[in-house]
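S.K.: Pasting my_file-v7.cif below, which is mmCIF, N, CA and C atoms.
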data_coords
#
loop_
_atom_site.label_atom_id
_atom_site.label_comp_id
_atom_site.auth_asym_id
_atom_site.auth_seq_id
_atom_site.Cartn_x
_atom_site.Cartn_y
_atom_site.Cartn_z
N MET A 1 -18.21 -39.05 -14.69
CA MET A 1 -18.02 -37.79 -15.36
C MET A 1 -18.37 -36.62 -14.44
N LYS A 2 -19.45 -36.78 -13.64
CA LYS A 2 -19.84 -35.73 -12.72
C LYS A 2 -18.76 -35.48 -11.68
N THR A 3 -18.12 -36.51 -11.23
CA THR A 3 -17.07 -36.37 -10.23
C THR A 3 -15.89 -35.57 -10.78
N ILE A 4 -15.54 -35.81 -12.02
CA ILE A 4 -14.44 -35.08 -12.65
C ILE A 4 -14.79 -33.60 -12.76
N ARG A 5 -16.02 -33.29 -13.17
CA ARG A 5 -16.45 -31.89 -13.28
C ARG A 5 -16.44 -31.19 -11.92
N LYS A 6 -16.96 -31.87 -10.92
CA LYS A 6 -16.99 -31.29 -9.57
C LYS A 6 -15.58 -31.03 -9.06
N THR A 7 -14.70 -31.98 -9.28
CA THR A 7 -13.32 -31.82 -8.84
C THR A 7 -12.64 -30.66 -9.58
N ALA A 8 -12.85 -30.58 -10.87
CA ALA A 8 -12.26 -29.50 -11.66
C ALA A 8 -12.79 -28.14 -11.21
N LEU A 9 -14.08 -28.05 -10.95
CA LEU A 9 -14.68 -26.80 -10.48
C LEU A 9 -14.11 -26.42 -9.12
N LEU A 10 -13.98 -27.37 -8.23
CA LEU A 10 -13.42 -27.12 -6.91
C LEU A 10 -11.98 -26.61 -7.01
N LEU A 11 -11.19 -27.22 -7.87
CA LEU A 11 -9.80 -26.79 -8.05
C LEU A 11 -9.72 -25.38 -8.62
N CYS A 12 -10.59 -25.05 -9.56
CA CYS A 12 -10.60 -23.70 -10.15
C CYS A 12 -10.97 -22.65 -9.10
N LEU A 13 -11.99 -22.93 -8.32
CA LEU A 13 -12.41 -21.99 -7.28
C LEU A 13 -11.33 -21.81 -6.22
N THR A 14 -10.70 -22.90 -5.83
CA THR A 14 -9.63 -22.83 -4.84
C THR A 14 -8.47 -21.99 -5.37
N ALA A 15 -8.12 -22.18 -6.62
CA ALA A 15 -7.01 -21.41 -7.21
C ALA A 15 -7.36 -19.94 -7.30
N ALA A 16 -8.58 -19.62 -7.65
CA ALA A 16 -9.00 -18.22 -7.77
C ALA A 16 -8.92 -17.50 -6.43
N PHE A 17 -9.34 -18.17 -5.37
CA PHE A 17 -9.30 -17.54 -4.05
C PHE A 17 -7.91 -17.57 -3.46
N GLY A 18 -7.05 -18.44 -3.91
CA GLY A 18 -5.72 -18.57 -3.36
C GLY A 18 -4.77 -17.45 -3.75
N PHE A 19 -5.06 -16.69 -4.79
CA PHE A 19 -4.14 -15.66 -5.25
C PHE A 19 -4.27 -14.36 -4.47
N GLY A 20 -5.42 -14.09 -3.88
CA GLY A 20 -5.63 -12.82 -3.20
C GLY A 20 -5.09 -12.84 -1.78
N GLU A 21 -4.61 -11.70 -1.34
CA GLU A 21 -4.17 -11.54 0.03
C GLU A 21 -4.83 -10.30 0.61
N ASN A 22 -4.98 -10.28 1.92
CA ASN A 22 -5.53 -9.11 2.59
C ASN A 22 -4.41 -8.41 3.34
N ILE A 23 -4.31 -7.11 3.12
CA ILE A 23 -3.33 -6.28 3.81
C ILE A 23 -4.09 -5.19 4.54
N SER A 24 -3.82 -5.04 5.83
CA SER A 24 -4.44 -3.97 6.61
C SER A 24 -3.35 -3.05 7.13
N GLY A 25 -3.69 -1.77 7.21
CA GLY A 25 -2.72 -0.82 7.73
C GLY A 25 -3.18 0.61 7.61
N THR A 26 -2.20 1.50 7.57
CA THR A 26 -2.46 2.93 7.50
C THR A 26 -2.18 3.43 6.10
N LEU A 27 -3.07 4.25 5.60
CA LEU A 27 -2.93 4.83 4.27
C LEU A 27 -1.89 5.94 4.29
N LEU A 28 -1.00 5.94 3.29
CA LEU A 28 0.06 6.94 3.18
C LEU A 28 0.07 7.57 1.79
N ASP A 29 0.70 8.73 1.70
CA ASP A 29 1.02 9.33 0.41
C ASP A 29 2.26 8.59 -0.09
N ALA A 30 2.15 7.89 -1.21
CA ALA A 30 3.25 7.06 -1.71
C ALA A 30 4.46 7.87 -2.13
N ASN A 31 4.27 9.15 -2.44
CA ASN A 31 5.39 9.99 -2.88
C ASN A 31 5.91 10.91 -1.78
N CYS A 32 5.52 10.65 -0.56
CA CYS A 32 5.91 11.50 0.56
C CYS A 32 7.40 11.39 0.85
N GLN A 33 8.02 12.53 1.02
CA GLN A 33 9.39 12.59 1.49
C GLN A 33 9.32 13.09 2.93
N PRO A 34 9.37 12.18 3.92
CA PRO A 34 9.13 12.59 5.29
C PRO A 34 10.11 13.67 5.76
N VAL A 35 9.53 14.67 6.39
CA VAL A 35 10.31 15.75 6.99
C VAL A 35 9.88 15.84 8.44
N ALA A 36 10.82 15.80 9.34
CA ALA A 36 10.49 15.84 10.77
C ALA A 36 9.86 17.19 11.12
N ASP A 37 8.80 17.13 11.92
CA ASP A 37 8.13 18.33 12.41
C ASP A 37 8.93 18.88 13.58
N LYS A 38 9.33 20.15 13.51
CA LYS A 38 10.16 20.76 14.55
C LYS A 38 9.45 20.81 15.89
N ASN A 39 8.10 20.86 15.88
CA ASN A 39 7.34 20.96 17.12
C ASN A 39 6.93 19.61 17.69
N ALA A 40 7.18 18.54 16.96
CA ALA A 40 6.80 17.20 17.42
C ALA A 40 7.87 16.65 18.36
N PRO A 41 7.48 15.74 19.25
CA PRO A 41 8.47 15.09 20.10
C PRO A 41 9.53 14.39 19.26
N SER A 42 10.72 14.28 19.77
CA SER A 42 11.83 13.72 18.98
C SER A 42 11.60 12.27 18.56
N ASP A 43 10.78 11.52 19.30
CA ASP A 43 10.55 10.13 18.94
C ASP A 43 9.32 9.95 18.04
N ALA A 44 8.64 11.04 17.68
CA ALA A 44 7.45 10.95 16.82
C ALA A 44 7.87 10.75 15.36
N PRO A 45 7.22 9.80 14.65
CA PRO A 45 7.57 9.59 13.25
C PRO A 45 7.02 10.74 12.38
N PRO A 46 7.71 11.09 11.32
CA PRO A 46 7.20 12.14 10.42
C PRO A 46 5.92 11.67 9.74
N SER A 47 5.03 12.60 9.46
CA SER A 47 3.73 12.26 8.88
C SER A 47 3.80 12.20 7.35
N CYS A 48 3.20 11.18 6.82
CA CYS A 48 3.05 11.05 5.37
C CYS A 48 1.58 10.79 5.06
N SER A 49 0.70 11.34 5.89
CA SER A 49 -0.72 11.16 5.67
C SER A 49 -1.12 11.77 4.34
N PRO A 50 -2.05 11.12 3.63
CA PRO A 50 -2.48 11.65 2.34
C PRO A 50 -3.20 12.99 2.49
N LYS A 51 -3.02 13.83 1.51
CA LYS A 51 -3.69 15.14 1.46
C LYS A 51 -4.74 15.08 0.34
N GLY A 52 -5.48 16.16 0.18
CA GLY A 52 -6.47 16.21 -0.88
C GLY A 52 -5.88 16.12 -2.27
N SER A 53 -4.62 16.51 -2.40
CA SER A 53 -3.95 16.50 -3.71
C SER A 53 -3.21 15.18 -3.99
N THR A 54 -3.22 14.25 -3.05
CA THR A 54 -2.50 12.99 -3.22
C THR A 54 -3.13 12.16 -4.34
N THR A 55 -2.28 11.64 -5.21
CA THR A 55 -2.77 10.80 -6.31
C THR A 55 -2.21 9.38 -6.28
N GLU A 56 -1.15 9.17 -5.51
CA GLU A 56 -0.57 7.83 -5.39
C GLU A 56 -0.49 7.47 -3.92
N PHE A 57 -1.01 6.29 -3.60
CA PHE A 57 -1.15 5.89 -2.22
C PHE A 57 -0.37 4.62 -1.92
N ALA A 58 -0.08 4.42 -0.63
CA ALA A 58 0.57 3.22 -0.15
C ALA A 58 -0.08 2.82 1.16
N VAL A 59 0.16 1.58 1.57
CA VAL A 59 -0.35 1.07 2.84
C VAL A 59 0.85 0.64 3.68
N LYS A 60 0.89 1.13 4.92
CA LYS A 60 1.94 0.72 5.86
C LYS A 60 1.30 -0.23 6.86
N THR A 61 1.82 -1.46 6.92
CA THR A 61 1.28 -2.47 7.82
C THR A 61 1.81 -2.25 9.24
N SER A 62 1.22 -2.95 10.20
CA SER A 62 1.69 -2.85 11.58
C SER A 62 3.11 -3.40 11.73
N ALA A 63 3.54 -4.23 10.80
CA ALA A 63 4.91 -4.77 10.81
C ALA A 63 5.91 -3.81 10.19
N GLY A 64 5.40 -2.67 9.66
CA GLY A 64 6.29 -1.66 9.09
C GLY A 64 6.54 -1.80 7.60
N LYS A 65 5.94 -2.80 6.94
CA LYS A 65 6.11 -2.96 5.50
C LYS A 65 5.22 -1.96 4.78
N ILE A 66 5.72 -1.45 3.65
CA ILE A 66 4.96 -0.49 2.87
C ILE A 66 4.73 -1.06 1.47
N TYR A 67 3.46 -1.06 1.06
CA TYR A 67 3.06 -1.55 -0.25
C TYR A 67 2.36 -0.42 -1.00
N ARG A 68 2.79 -0.17 -2.23
CA ARG A 68 2.14 0.83 -3.09
C ARG A 68 0.91 0.21 -3.74
N LEU A 69 -0.10 1.04 -3.98
CA LEU A 69 -1.30 0.57 -4.67
C LEU A 69 -1.12 0.73 -6.17
N ASP A 70 -1.79 -0.12 -6.94
CA ASP A 70 -1.76 0.00 -8.40
C ASP A 70 -2.65 1.17 -8.83
N GLY A 71 -2.70 1.44 -10.12
CA GLY A 71 -3.47 2.57 -10.65
C GLY A 71 -4.94 2.53 -10.28
N ALA A 72 -5.56 1.35 -10.40
CA ALA A 72 -6.98 1.22 -10.06
C ALA A 72 -7.20 1.49 -8.57
N GLY A 73 -6.32 0.99 -7.73
CA GLY A 73 -6.43 1.23 -6.29
C GLY A 73 -6.27 2.69 -5.95
N ASN A 74 -5.30 3.36 -6.61
CA ASN A 74 -5.11 4.79 -6.39
C ASN A 74 -6.36 5.58 -6.74
N ALA A 75 -7.00 5.24 -7.84
CA ALA A 75 -8.22 5.93 -8.27
C ALA A 75 -9.35 5.72 -7.27
N ARG A 76 -9.50 4.49 -6.78
CA ARG A 76 -10.55 4.20 -5.81
C ARG A 76 -10.34 4.98 -4.51
N VAL A 77 -9.11 5.01 -4.03
CA VAL A 77 -8.83 5.71 -2.77
C VAL A 77 -9.03 7.21 -2.95
N ALA A 78 -8.53 7.78 -4.04
CA ALA A 78 -8.68 9.22 -4.28
C ALA A 78 -10.15 9.60 -4.31
N SER A 79 -10.97 8.79 -4.96
CA SER A 79 -12.40 9.05 -5.03
C SER A 79 -13.05 8.96 -3.65
N ALA A 80 -12.69 7.94 -2.88
CA ALA A 80 -13.27 7.75 -1.56
C ALA A 80 -12.86 8.86 -0.59
N LEU A 81 -11.65 9.35 -0.71
CA LEU A 81 -11.17 10.37 0.22
C LEU A 81 -11.71 11.76 -0.08
N LYS A 82 -12.26 11.96 -1.28
CA LYS A 82 -12.84 13.27 -1.60
C LYS A 82 -14.02 13.58 -0.69
N SER A 83 -14.80 12.56 -0.34
CA SER A 83 -15.95 12.77 0.53
C SER A 83 -15.57 12.83 2.01
N ASP A 84 -14.49 12.16 2.40
CA ASP A 84 -14.07 12.15 3.80
C ASP A 84 -12.55 11.95 3.86
N PRO A 85 -11.77 13.03 3.76
CA PRO A 85 -10.32 12.91 3.68
C PRO A 85 -9.63 12.47 4.97
N GLY A 86 -10.34 12.40 6.08
CA GLY A 86 -9.71 12.03 7.34
C GLY A 86 -9.53 10.55 7.56
N ARG A 87 -10.05 9.73 6.69
CA ARG A 87 -9.96 8.28 6.87
C ARG A 87 -8.56 7.79 6.49
N THR A 88 -7.94 7.01 7.34
CA THR A 88 -6.60 6.51 7.04
C THR A 88 -6.43 5.02 7.27
N ASN A 89 -7.37 4.35 7.91
CA ASN A 89 -7.26 2.91 8.12
C ASN A 89 -7.81 2.21 6.89
N VAL A 90 -7.07 1.23 6.41
CA VAL A 90 -7.44 0.60 5.15
C VAL A 90 -7.18 -0.90 5.20
N THR A 91 -8.05 -1.65 4.51
CA THR A 91 -7.84 -3.08 4.27
C THR A 91 -7.94 -3.28 2.77
N VAL A 92 -6.89 -3.85 2.20
CA VAL A 92 -6.82 -4.05 0.76
C VAL A 92 -6.77 -5.54 0.47
N SER A 93 -7.58 -5.98 -0.47
CA SER A 93 -7.53 -7.36 -0.96
C SER A 93 -6.99 -7.31 -2.38
N GLY A 94 -6.02 -8.16 -2.64
CA GLY A 94 -5.45 -8.19 -3.98
C GLY A 94 -4.22 -9.07 -4.04
N LYS A 95 -3.50 -8.91 -5.13
CA LYS A 95 -2.31 -9.71 -5.38
C LYS A 95 -1.07 -8.85 -5.16
N ILE A 96 -0.16 -9.33 -4.35
CA ILE A 96 1.08 -8.60 -4.09
C ILE A 96 2.13 -9.05 -5.09
N GLU A 97 2.71 -8.06 -5.77
CA GLU A 97 3.81 -8.32 -6.71
C GLU A 97 4.93 -7.38 -6.32
N GLY A 98 5.94 -7.90 -5.65
CA GLY A 98 7.03 -7.06 -5.16
C GLY A 98 6.51 -6.15 -4.06
N GLN A 99 6.57 -4.83 -4.29
CA GLN A 99 6.10 -3.85 -3.32
C GLN A 99 4.79 -3.20 -3.75
N THR A 100 4.11 -3.79 -4.75
CA THR A 100 2.88 -3.22 -5.26
C THR A 100 1.72 -4.20 -5.09
N ILE A 101 0.55 -3.67 -4.74
CA ILE A 101 -0.64 -4.48 -4.62
C ILE A 101 -1.54 -4.20 -5.81
N THR A 102 -1.90 -5.25 -6.55
CA THR A 102 -2.91 -5.13 -7.59
C THR A 102 -4.25 -5.27 -6.88
N VAL A 103 -4.97 -4.18 -6.74
CA VAL A 103 -6.14 -4.10 -5.89
C VAL A 103 -7.35 -4.77 -6.52
N GLU A 104 -7.96 -5.68 -5.75
CA GLU A 104 -9.24 -6.28 -6.13
C GLU A 104 -10.37 -5.57 -5.40
N SER A 105 -10.18 -5.30 -4.12
CA SER A 105 -11.16 -4.54 -3.35
C SER A 105 -10.43 -3.77 -2.26
N ILE A 106 -11.08 -2.70 -1.79
CA ILE A 106 -10.46 -1.85 -0.77
C ILE A 106 -11.53 -1.33 0.16
N ASP A 107 -11.23 -1.32 1.45
CA ASP A 107 -12.17 -0.81 2.46
C ASP A 107 -11.42 0.24 3.29
N ILE A 108 -11.91 1.47 3.27
CA ILE A 108 -11.26 2.58 3.98
C ILE A 108 -12.16 3.00 5.14
N THR A 109 -11.60 3.04 6.34
CA THR A 109 -12.37 3.47 7.50
C THR A 109 -11.72 4.65 8.19
#
Could you take the file, read its structure, and then write that structure out as structure tokens?
M.R.:
Amino acid sequence: MKTIRKTALLLCLTAAFGFGENISGTLLDANCQPVADKNAPSDAPPSCSPKGSTTEFAVKTSAGKIYRLDGAGNARVASALKSDPGRTNVTVSGKIEGQTITVESIDIT
């Protein structure tokens, strides 16, 4: 009986940890409509860095994929950026559903 319980507990823990993924990248304004800066070099990408008024955020990975954060993630980021708006590097742990991350935890540096 003890073996069955241990096995069941191990399977439950493995399943719980198996659903989360870690995404690292740059924080963006999810509603940004990029406009090229006239003074920037022609090969420079347009900026979509979050501003103080940003309420919806996304993460752009080094591979170029963009994932939007869910409501809870948006609230956490907005709160964290109020004290230090210059932070843009982020690691998000959560479940990816399509192009949206259901945030479990977030680390902004």
S.K.: Selection in question (the file shown): the PyMOL selection byres ((chain A and resi 49-51) around 7). Which residues does it include, as a list in words?
M.R.: Leu27, Leu28, Asp29, Ala30, Pro46, Ser47, Cys48, Gly52, Ser53, Thr54, Thr55 and Pro85 of chain A
S.K.: To one decimal place, how far is CA of Ile96 (chain A) from CA of Gln33 (chain A) in Å?
M.R.: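 Spanning CA of Ile96 (chain A) to CA of Gln33 (chain A) is a straight-line distance of 23.4 Å.
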S.K.: Atom N of Gly20 (chain A) and CA of Cys32 (chain A), how far apart in Å?
M.R.: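 Those two atoms sit 28.3 Å apart.
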S.K.: For Gly71 (chain A), which residue among A:Glu56, A:Thr109, A:Glu21, A:Asn89 is the nearest when counting all atoms listed in the file?
M.R.: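 Using all atoms listed in the file, the shortest distance to Gly71 (chain A) belongs to A:Glu56.
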S.K.: Mind pulling up the distance from atom N of Asp70 (chain A) to atom C of Val92 (chain A)?
M.R.: 10.4 Å
S.K.: Exactly which residues make up the result of the PyMOL selection byres (((chain A and resi 75 and name CA) around 12) and name CA) on this file, given as a ChimeraX atom specification?
M.R.: /A:54-57,69-74,76-82,103,105-106
S.K.: Mind listing the helix (DSSP H, G or I) residues of region 50-100 of chain A, per DSSP on the backbone, as an MDAnalysis selection string?
M.R.: chainID A and resid 71:83
S.K.: Would you please extract all strand (DSSP E or B) residues from region 74-106 of chain A, as assigned by DSSP on the backbone, and give them as a ChimeraX atom specification?
M.R.: /A:89-97,100-106
S.K.: Could you check the closest approach to Asn22 (chain A) for each of A:Gly98, A:Thr91, A:Ala63, A:Ile108 and tell me which residue wins, using all atoms listed in the file?
M.R.: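 Nearest candidate to Asn22 (chain A) out of A:Gly98, A:Thr91, A:Ala63, A:Ile108: A:Thr91.
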